$ cat protein16.cif   # mmCIF, C-alpha atoms
data_input
#
loop_
_atom_site.group_PDB
_atom_site.id
_atom_site.type_symbol
_atom_site.label_atom_id
_atom_site.label_comp_id
_atom_site.auth_asym_id
_atom_site.auth_seq_id
_atom_site.Cartn_x
_atom_site.Cartn_y
_atom_site.Cartn_z
ATOM 1 C CA MET A 1 135.635 65.048 -51.906
ATOM 2 C CA HIS A 2 134.161 64.926 -55.384
ATOM 3 C CA GLY A 3 135.853 61.591 -56.023
ATOM 4 C CA HIS A 4 134.373 60.158 -52.826
ATOM 5 C CA GLU A 5 130.840 61.151 -53.868
ATOM 6 C CA SER A 6 131.365 59.638 -57.304
ATOM 7 C CA GLY A 7 132.606 56.422 -55.769
ATOM 8 C CA SER A 8 129.614 56.246 -53.417
ATOM 9 C CA GLY A 9 127.250 56.631 -56.337
ATOM 10 C CA LYS A 10 128.954 53.845 -58.234
ATOM 11 C CA ALA A 11 128.870 51.643 -55.136
ATOM 12 C CA ALA A 12 125.148 52.276 -54.687
ATOM 13 C CA SER A 13 124.504 51.386 -58.322
ATOM 14 C CA ALA A 14 126.607 48.268 -58.028
ATOM 15 C CA ALA A 15 124.621 47.204 -54.948
ATOM 16 C CA THR A 16 121.309 47.503 -56.833
ATOM 17 C CA PRO A 17 120.296 44.552 -59.020
ATOM 18 C CA ALA A 18 119.793 45.430 -62.667
ATOM 19 C CA SER A 19 116.169 44.258 -62.608
ATOM 20 C CA LEU A 20 115.400 46.550 -59.653
ATOM 21 C CA LEU A 21 117.032 49.467 -61.445
ATOM 22 C CA ALA A 22 114.931 48.741 -64.538
ATOM 23 C CA LEU A 23 111.729 48.581 -62.485
ATOM 24 C CA THR A 24 112.576 51.862 -60.752
ATOM 25 C CA GLU A 25 113.290 53.543 -64.078
ATOM 26 C CA ALA A 26 109.977 52.254 -65.431
ATOM 27 C CA PHE A 27 108.028 53.796 -62.548
ATOM 28 C CA ALA A 28 109.960 57.051 -62.988
ATOM 29 C CA ARG A 29 108.467 57.382 -66.493
ATOM 30 C CA LEU A 30 105.065 58.094 -64.932
ATOM 31 C CA PRO A 31 104.059 61.781 -64.677
ATOM 32 C CA GLY A 32 104.870 63.358 -61.338
ATOM 33 C CA ILE A 33 107.010 60.439 -60.184
ATOM 34 C CA GLY A 34 110.617 61.276 -59.347
ATOM 35 C CA PRO A 35 113.509 58.813 -58.879
ATOM 36 C CA LYS A 36 113.090 58.520 -55.096
ATOM 37 C CA THR A 37 109.347 57.924 -55.285
ATOM 38 C CA ALA A 38 109.857 55.425 -58.095
ATOM 39 C CA GLN A 39 112.371 53.527 -55.984
ATOM 40 C CA ARG A 40 109.978 53.436 -53.000
ATOM 41 C CA MET A 41 107.181 52.116 -55.204
ATOM 42 C CA ALA A 42 109.385 49.399 -56.639
ATOM 43 C CA LEU A 43 110.699 48.341 -53.231
ATOM 44 C CA HIS A 44 107.232 48.355 -51.684
ATOM 45 C CA LEU A 45 105.861 45.986 -54.307
ATOM 46 C CA LEU A 46 108.833 43.657 -54.056
ATOM 47 C CA GLN A 47 108.942 43.656 -50.255
ATOM 48 C CA HIS A 48 105.278 43.763 -49.299
ATOM 49 C CA ASP A 49 103.047 43.006 -52.285
ATOM 50 C CA ARG A 50 104.542 40.506 -54.700
ATOM 51 C CA SER A 51 101.075 39.405 -55.824
ATOM 52 C CA GLY A 52 100.237 43.037 -56.544
ATOM 53 C CA ALA A 53 103.423 43.362 -58.572
ATOM 54 C CA GLU A 54 102.472 40.324 -60.640
ATOM 55 C CA LEU A 55 98.948 41.688 -61.155
ATOM 56 C CA LEU A 56 100.361 45.046 -62.241
ATOM 57 C CA GLY A 57 102.711 43.381 -64.703
ATOM 58 C CA ARG A 58 100.010 41.183 -66.215
ATOM 59 C CA SER A 59 97.537 44.068 -66.455
ATOM 60 C CA LEU A 60 100.043 46.319 -68.200
ATOM 61 C CA LEU A 61 100.976 43.645 -70.729
ATOM 62 C CA GLU A 62 97.323 42.846 -71.403
ATOM 63 C CA ALA A 63 96.394 46.524 -71.820
ATOM 64 C CA VAL A 64 99.292 47.173 -74.207
ATOM 65 C CA SER A 65 98.460 44.128 -76.311
ATOM 66 C CA ARG A 66 94.664 44.542 -76.387
ATOM 67 C CA LEU A 67 94.038 48.285 -76.479
ATOM 68 C CA GLY A 68 94.087 50.198 -79.727
ATOM 69 C CA HIS A 69 92.240 53.302 -80.902
ATOM 70 C CA CYS A 70 88.578 53.561 -81.862
ATOM 71 C CA GLN A 71 88.288 54.133 -85.599
ATOM 72 C CA SER A 72 85.590 56.741 -85.030
ATOM 73 C CA CYS A 73 86.456 58.765 -81.918
ATOM 74 C CA ASN A 74 90.138 57.818 -81.426
ATOM 75 C CA THR A 75 89.814 56.851 -77.755
ATOM 76 C CA PHE A 76 91.269 53.623 -76.375
ATOM 77 C CA SER A 77 89.236 50.570 -77.334
ATOM 78 C CA GLU A 78 89.566 46.790 -77.442
ATOM 79 C CA SER A 79 87.425 46.694 -80.593
ATOM 80 C CA PRO A 80 87.615 48.666 -83.866
ATOM 81 C CA VAL A 81 84.728 50.859 -82.683
ATOM 82 C CA CYS A 82 84.286 51.666 -78.986
ATOM 83 C CA LEU A 83 81.100 51.077 -76.976
ATOM 84 C CA VAL A 84 80.265 54.800 -76.848
ATOM 85 C CA CYS A 85 80.379 55.137 -80.631
ATOM 86 C CA GLU A 86 78.322 51.969 -81.051
ATOM 87 C CA ASP A 87 75.570 53.277 -78.770
ATOM 88 C CA GLN A 88 72.576 53.886 -81.047
ATOM 89 C CA GLY A 89 70.878 55.993 -78.392
ATOM 90 C CA ARG A 90 73.381 58.837 -78.643
ATOM 91 C CA ASP A 91 72.748 62.053 -80.590
ATOM 92 C CA PRO A 92 74.809 61.929 -83.825
ATOM 93 C CA SER A 93 74.417 65.689 -84.368
ATOM 94 C CA LEU A 94 76.637 66.524 -81.342
ATOM 95 C CA LEU A 95 80.401 65.998 -81.449
ATOM 96 C CA CYS A 96 82.448 66.806 -78.338
ATOM 97 C CA VAL A 97 86.208 67.275 -78.764
ATOM 98 C CA VAL A 98 88.359 66.419 -75.724
ATOM 99 C CA GLU A 99 92.088 66.149 -75.140
ATOM 100 C CA THR A 100 92.367 62.718 -73.515
ATOM 101 C CA PRO A 101 90.452 59.510 -72.780
ATOM 102 C CA ALA A 102 90.430 60.624 -69.119
ATOM 103 C CA ASP A 103 88.471 63.738 -70.137
ATOM 104 C CA LEU A 104 85.968 61.598 -72.051
ATOM 105 C CA MET A 105 85.476 59.390 -68.986
ATOM 106 C CA VAL A 106 84.902 62.413 -66.742
ATOM 107 C CA LEU A 107 82.307 63.900 -69.100
ATOM 108 C CA GLU A 108 80.534 60.547 -69.263
ATOM 109 C CA GLN A 109 80.378 60.423 -65.464
ATOM 110 C CA THR A 110 78.374 63.670 -65.454
ATOM 111 C CA GLN A 111 75.623 61.856 -67.438
ATOM 112 C CA THR A 112 74.939 65.209 -69.139
ATOM 113 C CA PHE A 113 76.322 64.825 -72.650
ATOM 114 C CA LYS A 114 74.518 62.387 -74.939
ATOM 115 C CA GLY A 115 76.375 63.020 -78.185
ATOM 116 C CA HIS A 116 79.560 61.562 -79.625
ATOM 117 C CA TYR A 117 83.227 62.343 -78.980
ATOM 118 C CA PHE A 118 86.551 62.840 -80.661
ATOM 119 C CA VAL A 119 89.693 62.386 -78.544
ATOM 120 C CA LEU A 120 92.734 64.366 -79.667
ATOM 121 C CA MET A 121 95.170 62.352 -77.528
ATOM 122 C CA GLY A 122 96.951 65.556 -76.590
ATOM 123 C CA ARG A 123 96.983 69.315 -77.066
ATOM 124 C CA LEU A 124 99.035 71.780 -79.048
ATOM 125 C CA SER A 125 102.316 72.609 -77.326
ATOM 126 C CA PRO A 126 104.965 74.047 -79.669
ATOM 127 C CA LEU A 127 107.534 74.207 -76.858
ATOM 128 C CA ASP A 128 107.214 70.429 -76.493
ATOM 129 C CA GLY A 129 107.223 69.867 -80.248
ATOM 130 C CA ILE A 130 103.533 68.876 -80.343
ATOM 131 C CA GLY A 131 101.872 70.193 -83.502
ATOM 132 C CA PRO A 132 98.560 69.683 -85.363
ATOM 133 C CA LYS A 133 99.573 66.291 -86.794
ATOM 134 C CA ASP A 134 100.392 64.983 -83.313
ATOM 135 C CA ILE A 135 96.854 65.610 -82.051
ATOM 136 C CA HIS A 136 95.028 64.150 -85.082
ATOM 137 C CA LEU A 137 93.421 67.374 -86.328
ATOM 138 C CA GLU A 138 93.082 65.922 -89.838
ATOM 139 C CA ARG A 139 91.092 62.989 -88.439
ATOM 140 C CA LEU A 140 88.967 65.429 -86.452
ATOM 141 C CA LEU A 141 88.274 67.358 -89.650
ATOM 142 C CA ASP A 142 87.054 64.182 -91.370
ATOM 143 C CA ARG A 143 84.871 63.315 -88.385
ATOM 144 C CA ALA A 144 83.394 66.824 -88.156
ATOM 145 C CA ALA A 145 82.640 66.827 -91.901
ATOM 146 C CA GLN A 146 80.186 63.935 -91.572
ATOM 147 C CA PRO A 147 76.712 65.170 -92.616
ATOM 148 C CA MET A 148 74.948 64.309 -89.347
ATOM 149 C CA VAL A 149 77.219 66.547 -87.240
ATOM 150 C CA GLN A 150 75.547 69.905 -86.506
ATOM 151 C CA GLU A 151 77.380 71.127 -83.390
ATOM 152 C CA ILE A 152 81.006 70.705 -82.348
ATOM 153 C CA VAL A 153 81.557 71.168 -78.621
ATOM 154 C CA VAL A 154 85.180 72.115 -77.953
ATOM 155 C CA ALA A 155 85.933 70.727 -74.482
ATOM 156 C CA THR A 156 89.672 71.207 -74.330
ATOM 157 C CA ASN A 157 91.048 72.318 -70.969
ATOM 158 C CA PHE A 158 91.249 75.965 -69.910
ATOM 159 C CA THR A 159 95.034 75.945 -69.878
ATOM 160 C CA PRO A 160 97.103 78.050 -72.309
ATOM 161 C CA GLU A 161 97.703 74.937 -74.435
ATOM 162 C CA GLY A 162 94.039 73.950 -74.280
ATOM 163 C CA GLU A 163 92.922 77.417 -75.325
ATOM 164 C CA ALA A 164 95.424 77.428 -78.205
ATOM 165 C CA THR A 165 94.091 74.042 -79.277
ATOM 166 C CA ALA A 166 90.497 75.305 -79.162
ATOM 167 C CA HIS A 167 91.440 78.283 -81.331
ATOM 168 C CA ALA A 168 93.249 76.006 -83.809
ATOM 169 C CA ILE A 169 90.181 73.753 -84.055
ATOM 170 C CA GLU A 170 87.867 76.697 -84.721
ATOM 171 C CA THR A 171 90.247 78.104 -87.347
ATOM 172 C CA LEU A 172 90.579 74.718 -89.041
ATOM 173 C CA LEU A 173 86.832 74.160 -89.223
ATOM 174 C CA LYS A 174 86.210 77.641 -90.636
ATOM 175 C CA SER A 175 89.000 77.337 -93.200
ATOM 176 C CA HIS A 176 87.383 74.169 -94.575
ATOM 177 C CA GLY A 177 83.913 75.717 -94.747
ATOM 178 C CA LEU A 178 82.400 73.612 -91.961
ATOM 179 C CA VAL A 179 81.541 76.651 -89.817
ATOM 180 C CA PRO A 180 78.940 77.710 -90.705
ATOM 181 C CA PRO A 181 76.672 75.714 -91.231
ATOM 182 C CA ARG A 182 77.858 73.831 -88.157
ATOM 183 C CA ARG A 183 77.986 75.546 -84.784
ATOM 184 C CA VAL A 184 81.119 75.536 -82.654
ATOM 185 C CA THR A 185 80.584 75.899 -78.913
ATOM 186 C CA ARG A 186 82.963 76.010 -75.953
ATOM 187 C CA LEU A 187 82.455 74.829 -72.394
ATOM 188 C CA ALA A 188 81.190 77.625 -70.162
ATOM 189 C CA ARG A 189 83.575 79.245 -67.702
ATOM 190 C CA GLY A 190 82.255 77.191 -64.827
ATOM 191 C CA VAL A 191 85.448 75.242 -65.386
ATOM 192 C CA PRO A 192 88.198 77.333 -63.743
ATOM 193 C CA VAL A 193 90.850 79.018 -65.853
ATOM 194 C CA GLY A 194 93.924 76.813 -65.828
ATOM 195 C CA GLY A 195 91.845 73.844 -64.732
ATOM 196 C CA GLU A 196 91.881 70.363 -66.254
ATOM 197 C CA LEU A 197 88.651 68.401 -66.635
ATOM 198 C CA GLU A 198 90.051 65.305 -64.973
ATOM 199 C CA TYR A 199 90.369 67.194 -61.669
ATOM 200 C CA VAL A 200 87.180 69.299 -61.758
ATOM 201 C CA ASP A 201 84.109 68.166 -59.807
ATOM 202 C CA LEU A 202 81.371 66.553 -61.867
ATOM 203 C CA GLY A 203 78.699 69.124 -61.028
ATOM 204 C CA THR A 204 80.841 71.966 -62.379
ATOM 205 C CA ILE A 205 81.557 70.045 -65.591
ATOM 206 C CA ALA A 206 77.862 69.246 -66.075
ATOM 207 C CA GLN A 207 76.971 72.927 -65.691
ATOM 208 C CA ALA A 208 79.727 73.920 -68.119
ATOM 209 C CA LEU A 209 78.297 71.517 -70.691
ATOM 210 C CA ARG A 210 74.775 72.904 -70.271
ATOM 211 C CA ASP A 211 75.991 76.512 -70.528
ATOM 212 C CA ARG A 212 78.413 76.039 -73.403
ATOM 213 C CA ARG A 213 78.803 79.105 -75.591
ATOM 214 C CA ARG A 214 79.240 79.641 -79.325
ATOM 215 C CA LEU A 215 82.709 80.278 -80.683
ATOM 216 C CA ASP A 216 81.584 81.197 -84.206
#

$ encode --input "protein16.cif" --output "structure tokens"
Amino acid sequence: MHGHESGSGKAASAATPASLLALTEAFARLPGIGPKTAQRMALHLLQHDRSGAELLGRSLLEAVSRLGHCQSCNTFSESPVCLVCEDQGRDPSLLCVVETPADLMVLEQTQTFKGHYFVLMGRLSPLDGIGPKDIHLERLLDRAAQPMVQEIVVATNFTPEGEATAHAIETLLKSHGLVPPRRVTRLARGVPVGGELEYVDLGTIAQALRDRRRLD
């Protein structure tokens, strides 16, 4: 019986073109996408939306080739300094620390925060091998040390990893003598425990920004 199942698997693989297998495996690299879903996505594009498949391919290649990181806030940018950091109308005394570019985009949609950002590009997760160097804490330290910065708003998510990251940021800033004189604040608990900013409604995020609390 076992040999029959093994043979069927090999036959199925042999019946699938290598390029289709590669496309399926590429989709399966996306978060939350399993092998079966990846295969359905690949087959749908090839069967029903070839123009969409070509657009997806071109867009991915263009994004990979054109997008780098902003020298100031570390978010994705097509230029050395992103449009948010170049905006002269923003308050240079406020620095908001977020985990991802998606979090930055969500906060911007609230139209509540008018300061600057620093994007960690992740969060501390020792079980996954993600440490302080992987989330650019040294770059954050340099950014927070700039004389115009007076308040650092820690807007990491209210997950265990996000809370650990917030604590690490506060400890780092204090150990380098930046707090005080700078204030460190945290989003208010309007954001649910265990919640991620990307999936929280904009009104709740705006209120959390307004009601942020001091950590120091």

$ atom_distance --input "protein16.cif" --atom1 "CA of Leu187 (chain A)" --atom2 "CA of Val149 (chain A)"
17.8 Å

$ residues_around --input "protein16.cif" --residues "Pro92 (chain A)" --least-positions-apart "4" --cutoff "9 Å" --atoms "only C-alpha atoms" --output "JSON, numbers by chain"
{"A": [88, 114, 115, 116, 148, 149, 150]}

$ residues_around --input "protein16.cif" --residues "Pro180 (chain A)" --least-positions-apart "3" --cutoff "10 Å" --atoms "all atoms listed in the file" --output "list in words"
Gln150, Glu151, Leu173, Lys174, His176, Gly177, Arg183, Val184 and Asp216 of chain A

$ atom_distance --input "protein16.cif" --atom1 "CA of Thr110 (chain A)" --atom2 "CA of Arg66 (chain A)"
27.4 Å

$ atom_distance --input "protein16.cif" --atom1 "CA of Cys85 (chain A)" --atom2 "CA of Phe118 (chain A)"
9.9 Å

$ axis_aligned_box --input "protein16.cif" --around "region 56-75 of chain A" --padding-each-side "3 Å" --output "lines of an AutoDock Vina configuration file"
center_x = 94.2
center_y = 50.0
center_z = -73.9
size_x = 23.1
size_y = 23.6
size_z = 29.4

$ residues_near_point --input "protein16.cif" --point "(90.1, 41.9, -76.3)" --cutoff "8 Å" --atoms "all atoms listed in the file" --output "list of chain:residue names"
A:Arg66, A:Leu67, A:Glu78, A:Ser79

$ write_last_selection --input "protein16.cif" --atoms "C-alpha atoms" --output "PDB file, in the coordinates of the input"
ATOM      1  CA  ARG A  66      94.664  44.542 -76.387  1.00  0.00           C
ATOM      2  CA  LEU A  67      94.038  48.285 -76.479  1.00  0.00           C
ATOM      3  CA  GLU A  78      89.566  46.790 -77.442  1.00  0.00           C
ATOM      4  CA  SER A  79      87.425  46.694 -80.593  1.00  0.00           C
TER       5      SER A  79
END

$ closest_atom_pairs --input "protein16.cif" --of "region 71-134 of chain A" --to "region 158-166 of chain A" --cutoff "7 Å" --atoms "all atoms listed in the file" --output "tab-separated table"
residue	atom	partner	partner_atom	distance
A:Arg123	CA	A:Thr165	CA	6.0
A:Leu124	CA	A:Thr165	CA	5.4
A:Ser125	CA	A:Glu161	CA	5.9

$ closest_residue --input "protein16.cif" --among "A:Val84, A:Cys73, A:Asp128, A:Thr112" --to "Leu141 (chain A)" --atoms "only C-alpha atoms"
A:Cys73

$ resolve_selection --input "protein16.cif" --expression "the PyMOL selection byres ((chain A and resi 214) around 12)" --output "number ranges by chain"
A: 151-154, 170, 179-180, 182-188, 209, 211-213, 215-216

$ resolve_selection --input "protein16.cif" --expression "the PyMOL selection byres ((chain A and resi 43) around 12)" --output "list in words"
Thr16, Pro17, Ser19, Leu20, Leu21, Leu23, Thr24, Phe27, Lys36, Thr37, Ala38, Gln39, Arg40, Met41, Ala42, His44, Leu45, Leu46, Gln47, His48, Asp49, Arg50 and Ala53 of chain A

$ closest_residue --input "protein16.cif" --among "A:Ile33, A:Val97, A:Val81, A:Ala63" --to "Thr156 (chain A)" --atoms "all atoms listed in the file"
A:Val97

$ residues_near_point --input "protein16.cif" --point "(90.7, 52.9, -87.6)" --cutoff "12 Å" --atoms "all atoms listed in the file" --output "PyMOL selection string"
chain A and resi 68-82+139+143

$ write_last_selection --input "protein16.cif" --atoms "C-alpha atoms" --output "PDB file, in the frame of the given file"
ATOM      1  CA  GLY A  68      94.087  50.198 -79.727  1.00  0.00           C
ATOM      2  CA  HIS A  69      92.240  53.302 -80.902  1.00  0.00           C
ATOM      3  CA  CYS A  70      88.578  53.561 -81.862  1.00  0.00           C
ATOM      4  CA  GLN A  71      88.288  54.133 -85.599  1.00  0.00           C
ATOM      5  CA  SER A  72      85.590  56.741 -85.030  1.00  0.00           C
ATOM      6  CA  CYS A  73      86.456  58.765 -81.918  1.00  0.00           C
ATOM      7  CA  ASN A  74      90.138  57.818 -81.426  1.00  0.00           C
ATOM      8  CA  THR A  75      89.814  56.851 -77.755  1.00  0.00           C
ATOM      9  CA  PHE A  76      91.269  53.623 -76.375  1.00  0.00           C
ATOM     10  CA  SER A  77      89.236  50.570 -77.334  1.00  0.00           C
ATOM     11  CA  GLU A  78      89.566  46.790 -77.442  1.00  0.00           C
ATOM     12  CA  SER A  79      87.425  46.694 -80.593  1.00  0.00           C
ATOM     13  CA  PRO A  80      87.615  48.666 -83.866  1.00  0.00           C
ATOM     14  CA  VAL A  81      84.728  50.859 -82.683  1.00  0.00           C
ATOM     15  CA  CYS A  82      84.286  51.666 -78.986  1.00  0.00           C
ATOM     16  CA  ARG A 139      91.092  62.989 -88.439  1.00  0.00           C
ATOM     17  CA  ARG A 143      84.871  63.315 -88.385  1.00  0.00           C
TER      18      ARG A 143
END

$ closest_residue --input "protein16.cif" --among "A:Gly52, A:Gly122, A:Gly89, A:Pro132" --to "Asp103 (chain A)" --atoms "all atoms listed in the file"
A:Gly122

$ closest_residue --input "protein16.cif" --among "A:Gly32, A:Asn157, A:Leu178, A:Leu172" --to "Val200 (chain A)" --atoms "all atoms listed in the file"
A:Asn157

$ residues_around --input "protein16.cif" --residues "Thr100 (chain A)" --least-positions-apart "5" --cutoff "7 Å" --atoms "all atoms listed in the file" --output "list of chain:residue names"
A:Val119, A:Leu120, A:Met121, A:Gly122

$ residues_around --input "protein16.cif" --residues "Phe113 (chain A)" --least-positions-apart "3" --cutoff "10 Å" --atoms "only C-alpha atoms" --output "MDAnalysis selection string"
chainID A and resid 90:91 94:96 107:110 116:117 206 209:210
